[in-house]
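Contents: one structure, followed by commentary.
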Amino acid sequence: MKRVSGIKPIDNLVVPELLYGKRLSFEGGGSGVRAIVVQDGILQKDSIYRIKPVSWEELSEWVGWIDEKEKPICKDITTAGVFSQDGVVIESPNLEWLKGHNLCELFRSFCNDLIGAVTGEMYCDEGIIKGISNGVFETIGFGWGGVNIREGVIYKSEPGHKFAGPGLADVPCGCKRDGCKEGVYSGGGVAKQVIAMAYHYFGIKPDSEGNINGLDPCQWLDTEARAGREWALEYYLWLAEGIGHTWADILNGSESIEIVGFMGSFITFGMEFMKETILNTMLKQAMFPVHREALEQQIQTGEETILIRSKLWNKECPGNSFMGAAIYGELSYQGLI
Ligand SMILES: [Zn+2]
């Protein structure tokens, strides 16, 4: 993978022209892998494939099957993990069976899932960081990653491993440190806490797959919150205040911040219960008038200003990550990034 730090938007880049022909974009993450066709720069949302492979062999077979069926001119992947320069997976926290395999055996190009998302949001027509000079773009799913945008240039960031606060110093994190925000506020951290609460409040133990009542713990939390259960709503309120304070800190870090953009399954699904509290917490703490005005406007009108999300995102298809994989693949193939 090319270095991320210092990725600059390329002037006058026209995505549909860049992505002529039929391509397949893959995305790995959470517990599964998905693929979608990109035809002449347009995502074909009705042609999504998805599986939950448990081995490299199973993935290879499936990729071969789609390849045979669709006959694309190339295949690119964006997935969670750390890779060597030539494509060997060094770490893959969500899809552990990928570790040690070379992505280039199956795909033309590969990039980290955050980079795929950032590339999509930077270049797609409705990308939320397209044209932004200063801000952050964070993904809160199983973990919490992100990038900083400074003067239009993208730099890697580690927002999830900032300190969560003295009262949370003992909470373990996937990075093997304690007290990180990711361990407390990300989907992975929340799932662990929900499992503990399910036992504490209801005596329910997770099944062999780690599910509660047949649901992923975060999905179970959502069904409880949607049913108006006090414990779930109070927990979401607490999470929202923590995330709101975190994002207010970003705004107070510089008057020039134009956006706190986000994506990721946990935060996107959780927004139903957290958005109002996050915005009000940010407003309570924000110092700069430019931020206060934008937040007040967003609270009053619902119009997305400082805090916005991917406009192409929907629950079936996080479009910009797929587009990002295709765009990143083409740009790296052409030696442009
Ligand atoms: Zn950490």
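Following the order of the structure tokens, chains are lettered A, B, ..., residues in each are numbered from 1, and ligands are numbered from 1.
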task = Please provide as JSON, numbers by chain all residues within 12 Å of Gly81 in chain A, with the sequence filter that same-chain residues fewer than 3 positions apart are discarded (counting only C-alpha atoms).
result = {"A": [1, 27, 28, 29, 30, 77, 78, 84, 87, 88, 89, 90, 91, 92, 93, 94, 95, 96, 97, 98, 99, 100, 103, 110, 111, 112, 113, 114, 115, 116, 143, 145]}
query = Counting only C-alpha atoms and all ligand atoms, which protein, DNA or RNA residues come within 7 Å of ligand 1, given as a ChimeraX atom specification?
reply = /A:160-161,173-178,180,182-183
message = To test your reading of the structure, identify every residue in range 16-175 of chain A that backbone DSSP assigns to helix (DSSP H, G or I), and report it as a PyMOL selection string.
response = chain A and resi 16-18+56-70+96-98+103-105+113-123+159-161+166-168
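Within 6 Å of range 209-223 of chain A, once only C-alpha atoms are used and residues closer than 3 positions along the same chain are dropped, the contacting residues are Ala191, Pro206 and Arg226 of chain A.
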File dump, residues just selected, C-alpha atoms, as a CSV table (one decimal), in the first residue's frame:
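Resulting contents of out.csv:
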chain,number,residue,atom,x,y,z
A,191,ALA,CA,-20.6,-5.3,22.1
A,206,PRO,CA,-24.3,-15.0,24.8
A,226,ARG,CA,-36.2,1.0,19.8
message = Give me, as number ranges by chain, the residues of range 146-185 of chain A that a backbone DSSP run labels strand (DSSP E or B).
response = A: 146-150, 153-157, 163, 172, 178, 180
Those residues with C-alpha atoms, as a tab-separated table (two decimals), in the first residue's frame please?
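Generated output (again.tsv):
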chain	number	residue	atom	x	y	z
A	146	GLY	CA	-9.88	8.24	11.09
A	147	VAL	CA	-7.93	10.78	9.11
A	148	ASN	CA	-7.20	14.47	9.49
A	149	ILE	CA	-7.62	16.80	6.55
A	150	ARG	CA	-5.25	19.76	6.72
A	153	VAL	CA	-4.18	16.99	2.38
A	154	ILE	CA	-5.11	13.71	4.10
A	155	TYR	CA	-3.07	12.51	7.09
A	156	LYS	CA	-3.52	9.30	9.05
A	157	SER	CA	-4.90	9.74	12.55
A	163	PHE	CA	-7.49	8.59	26.17
A	172	PRO	CA	-9.28	-2.74	27.55
A	178	ASP	CA	-6.20	0.30	28.23
A	180	CYS	CA	-8.72	4.09	24.66
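All residues of protein, DNA or RNA that reach within 9 Å of Ile327 in chain A, judged by only C-alpha atoms and not counting those fewer than 6 positions away in the chain, are Val15, Leu18, Leu19, Gly41, Gly116, Thr119, Gly120 and Tyr123 of chain A.
Between CA of Leu43 in chain A and CA of Glu58 in chain A the interatomic distance comes to 25.3 Å.
Note that CA of Glu276 in chain A and CA of His200 in chain A are 28.0 Å apart.
Using only C-alpha atoms, the shortest contact distance between Gly264 in chain A and any of A:Gly244, A:Gly319, A:Gly329, A:Pro9 is found at A:Gly319.
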inquiry  = Taking only C-alpha atoms into account, name the residue in A:Cys104, A:Leu295, A:Ile250, A:Met287 that is nearest to Phe83 in chain A.
reply    = A:Cys104
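Distances here use only C-alpha atoms; by that measure, the residue among A:Ser208, A:Thr277, A:Asn252, A:Ser55 closest to Leu233 in chain A is A:Thr277.
Remark: for Met197 in chain A, the closest of the candidate residues A:Ala248, A:Val33, A:Ile140, A:Ala232 is A:Ala232 (distances computed over only C-alpha atoms).
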note = Using only C-alpha atoms, the residue out of A:Lys8, A:Lys275, A:Arg108, A:Lys205 with shortest distance to Gly131 in chain A is A:Lys8
task = Using only C-alpha atoms, determine which residues lie at most 8 Å from Gly270 in chain A, disregarding the query and same-chain residues fewer than 4 positions distant; provide the list as a ChimeraX atom specification.
result = /A:222,236,266,274
Deliver the residues from the most recent selection as a file, using N, CA and C atoms, as a PDB file, in the first residue's frame.
ATOM      1  N   ASP A 222     -29.914  -2.073  19.827  1.00  0.00           N
ATOM      2  CA  ASP A 222     -30.816  -1.226  19.028  1.00  0.00           C
ATOM      3  C   ASP A 222     -32.273  -1.654  19.180  1.00  0.00           C
ATOM      4  N   TYR A 236     -27.173   4.508  25.609  1.00  0.00           N
ATOM      5  CA  TYR A 236     -26.931   5.278  24.379  1.00  0.00           C
ATOM      6  C   TYR A 236     -26.681   6.760  24.703  1.00  0.00           C
ATOM      7  N   PHE A 266     -21.512   0.978  13.345  1.00  0.00           N
ATOM      8  CA  PHE A 266     -22.008   1.240  14.701  1.00  0.00           C
ATOM      9  C   PHE A 266     -22.555   2.661  14.838  1.00  0.00           C
ATOM     10  N   MET A 274     -28.578   8.639  19.089  1.00  0.00           N
ATOM     11  CA  MET A 274     -27.527   9.482  19.672  1.00  0.00           C
ATOM     12  C   MET A 274     -27.407  10.876  19.068  1.00  0.00           C
TER      13      MET A 274
END
key: Counting only C-alpha atoms, the option among A:Leu331, A:Ile48, A:Ile128, A:Leu283 closest to Ile66 in chain A   = A:Ile48
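Atom to atom, CA of Ala169 in chain A and CA of Tyr185 in chain A stand 13.3 Å apart.
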